[in-house]
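Asks: Okay, here's the structure, questions in a sec.
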Amino acid sequence: MFRLSVASSSRCLMVNSHVMRRVSAPSAQCILPVSASAPLVASQVRWAASCPGMGGFTDIKYNDAADGWLDDTSDVIDTLCEDYPQISDISNNGGVLTLDMGEDIGTFILNKQAPKRQLWLSSPISGPSHYDMMDEEGRVWWKCDKTGRDLSKLLEKELSEVLKGCKVSLP
């Protein structure tokens with residue numbers, strides 16, 4: 001491990017162009033993993049004034065938004081399980097939400113892709129797609145990187161089709 005003491009406020013440690021940890025305390029220590037085969041050298045470390053992610057988002061904001069969306073979506077679908085036997089199983093673990101709709105329909109898989117700051121959907125109806133985090137006037141939503149569609153709207157449509165007679169409403 002590499003220990004680095006810093007005296008900085010709201011800056012990020014960058015190692016080989018990757019944000020390693022946001023430092024917000026006036027004085028803090030960062031502990032970074034360093035392998036024996038690829039030791040960390042001083043030329044690899046630099047400070048950045050901010051930690052931009054996709055669209056200016058930080059890793060913390062991305063993780064909070066992605067985890068919150070997956071948890072809220074899981075809760076909504078979980079309440080439907082009692083009334084809709086088409087939902088065989090649902091699990092939400094480690095940034096992966098899996099919704100098994102049985103052999104006739106297939107499985108929806110939603111997962112975090114933290115390096116890209118995206119959510120990915122594998123749908124038995126529409127196939128695979130990737131969604132970027134968008135923040136418009138305080139409303140976070142997930143926009144398809146190819147079609148521009150809203151992830152919640154697409155998933156609502158597909159689940160409503162599968163769960164005939166149910167109008168699914170997601171966060």
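Naming scheme: A, B, ... for chains in displayed order of the structure tokens; residues 1 onward per chain; ligands 1 onward as shown.
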If we count only C-alpha atoms, what is near Val96 in chain A at a cut-off of 9 Å, once residues fewer than 2 positions away on the same chain are taken out, given as a list in words?

Replies: Leu70, Ser91, Asn92, Asn93, Gly94, Thr98, Ile109, Leu110, Asn111 and Lys112 of chain A

Asks: Write the residues of the selection above to a file with N, CA, C and O atoms, as a CSV table (one decimal), in the first residue's frame.

Replies:
```csv
chain,number,residue,atom,x,y,z
A,70,LEU,N,-31.2,1.8,-8.5
A,70,LEU,CA,-31.3,0.3,-8.4
A,70,LEU,C,-32.1,-0.1,-7.2
A,70,LEU,O,-33.0,-1.0,-7.4
A,91,SER,N,-33.4,-10.0,-7.5
A,91,SER,CA,-32.3,-9.9,-6.6
A,91,SER,C,-31.6,-8.6,-6.9
A,91,SER,O,-31.5,-8.2,-8.1
A,92,ASN,N,-31.1,-7.9,-5.9
A,92,ASN,CA,-30.3,-6.7,-6.0
A,92,ASN,C,-29.1,-6.8,-5.1
A,92,ASN,O,-29.2,-6.5,-3.9
A,93,ASN,N,-28.0,-7.1,-5.7
A,93,ASN,CA,-26.8,-7.3,-4.9
A,93,ASN,C,-25.6,-6.7,-5.6
A,93,ASN,O,-25.4,-7.0,-6.8
A,94,GLY,N,-24.8,-5.9,-4.9
A,94,GLY,CA,-23.5,-5.5,-5.5
A,94,GLY,C,-23.6,-4.7,-6.8
A,94,GLY,O,-22.7,-4.8,-7.6
A,98,THR,N,-31.2,-8.1,-10.8
A,98,THR,CA,-31.6,-9.2,-11.7
A,98,THR,C,-33.1,-9.5,-11.5
A,98,THR,O,-33.6,-9.7,-10.4
A,109,ILE,N,-31.4,-7.7,-16.7
A,109,ILE,CA,-30.3,-7.5,-15.8
A,109,ILE,C,-29.9,-6.0,-16.0
A,109,ILE,O,-29.7,-5.6,-17.1
A,110,LEU,N,-29.9,-5.4,-14.8
A,110,LEU,CA,-29.4,-4.0,-14.8
A,110,LEU,C,-28.2,-4.0,-13.9
A,110,LEU,O,-28.2,-4.5,-12.8
A,111,ASN,N,-27.1,-3.3,-14.4
A,111,ASN,CA,-25.9,-3.3,-13.5
A,111,ASN,C,-25.1,-2.0,-13.7
A,111,ASN,O,-25.2,-1.3,-14.8
A,112,LYS,N,-24.4,-1.7,-12.6
A,112,LYS,CA,-23.6,-0.5,-12.6
A,112,LYS,C,-22.3,-0.8,-13.4
A,112,LYS,O,-21.8,-1.9,-13.4
```

Asks: Please build the interface table for range 51-131 of chain A against range 154-166 of chain A with a cut-off of 8 Å, listing for each qualifying residue the nearest atom pair and the distance in Å to one decimal; count only C-alpha atoms, order rows by chain and increasing number, and write it as a Markdown table.

Replies:
```
| residue | atom | partner | partner_atom | distance |
| --- | --- | --- | --- | --- |
| A:Tyr84 | CA | A:Leu163 | CA | 6.8 |
| A:Gln86 | CA | A:Leu163 | CA | 6.9 |
| A:Ile105 | CA | A:Val162 | CA | 7.8 |
| A:Ile125 | CA | A:Glu158 | CA | 7.1 |
```

Asks: Export, as a PDB file, in the first residue's frame, the selected residues with N, CA and C atoms.

Replies:
```pdb
ATOM      1  N   TYR A  84     -48.078 -10.661  -9.379  1.00  0.00           N
ATOM      2  CA  TYR A  84     -47.738 -11.048 -10.749  1.00  0.00           C
ATOM      3  C   TYR A  84     -46.787 -12.247 -10.736  1.00  0.00           C
ATOM      4  N   GLN A  86     -45.582 -13.829 -13.050  1.00  0.00           N
ATOM      5  CA  GLN A  86     -44.593 -13.815 -14.130  1.00  0.00           C
ATOM      6  C   GLN A  86     -43.196 -13.495 -13.591  1.00  0.00           C
ATOM      7  N   ILE A 105     -40.150 -15.665 -20.968  1.00  0.00           N
ATOM      8  CA  ILE A 105     -39.809 -14.264 -21.222  1.00  0.00           C
ATOM      9  C   ILE A 105     -38.308 -14.028 -21.172  1.00  0.00           C
ATOM     10  N   ILE A 125     -36.353  -8.223 -24.138  1.00  0.00           N
ATOM     11  CA  ILE A 125     -37.229  -7.627 -25.139  1.00  0.00           C
ATOM     12  C   ILE A 125     -36.446  -6.733 -26.105  1.00  0.00           C
TER      13      ILE A 125
END
```

Asks: Would you compute the distance between CA of Glu137 in chain A and CA of Lys61 in chain A? Give it in Å to one decimal.

Replies: 14.8 Å

Asks: When distances are computed from only C-alpha atoms, which of A:Cys81, A:Ala65, A:Thr73, A:Pro115 shows the smallest separation from Ser152 in chain A?

Replies: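 The closest residue to Ser152 in chain A is A:Thr73.
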
Asks: Considering only C-alpha atoms, can you say which of A:Asp150, A:Asp78, A:Asp145, A:Asp72 comes closest to Pro171 in chain A?

Replies: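 Closest to Pro171 in chain A of all the choices is A:Asp72.
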
Asks: Which residue gives the smallest distance to Thr79 in chain A among A:Met134, A:Ser169, A:Gly102, A:Leu121, with only C-alpha atoms counted?

Replies: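 Between A:Met134, A:Ser169, A:Gly102, A:Leu121, the residue approaching Thr79 in chain A most closely is A:Ser169.
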
Asks: In Å to one decimal, how far is CA of Arg117 in chain A from CA of Lys167 in chain A?

Replies: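 Atom-to-atom, CA of Lys167 in chain A and CA of Arg117 in chain A are spaced 29.3 Å apart.
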
Asks: Need to verify the contact set: Ser88 in chain A, 7 Å, only C-alpha atoms, exclusion of same-chain residues closer than 3 positions in sequence. Can you return it as a list in words?

Replies: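 The filter keeps Pro85, Asp100, Met101 and Gly102 of chain A.
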
Asks: Just to confirm, what's the straight-line distance from CA of Gln118 in chain A to CA of Ile87 in chain A in Å (one decimal)?

Replies: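 One can read the CA of Gln118 in chain A to CA of Ile87 in chain A distance as 25.4 Å.
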
Asks: What residues in range 48-148 of chain A get the DSSP label strand (DSSP E or B)? Please answer as a ChimeraX atom specification.

Replies: /A:48,89-93,96-100,107-113,118-123,127-136,139-144
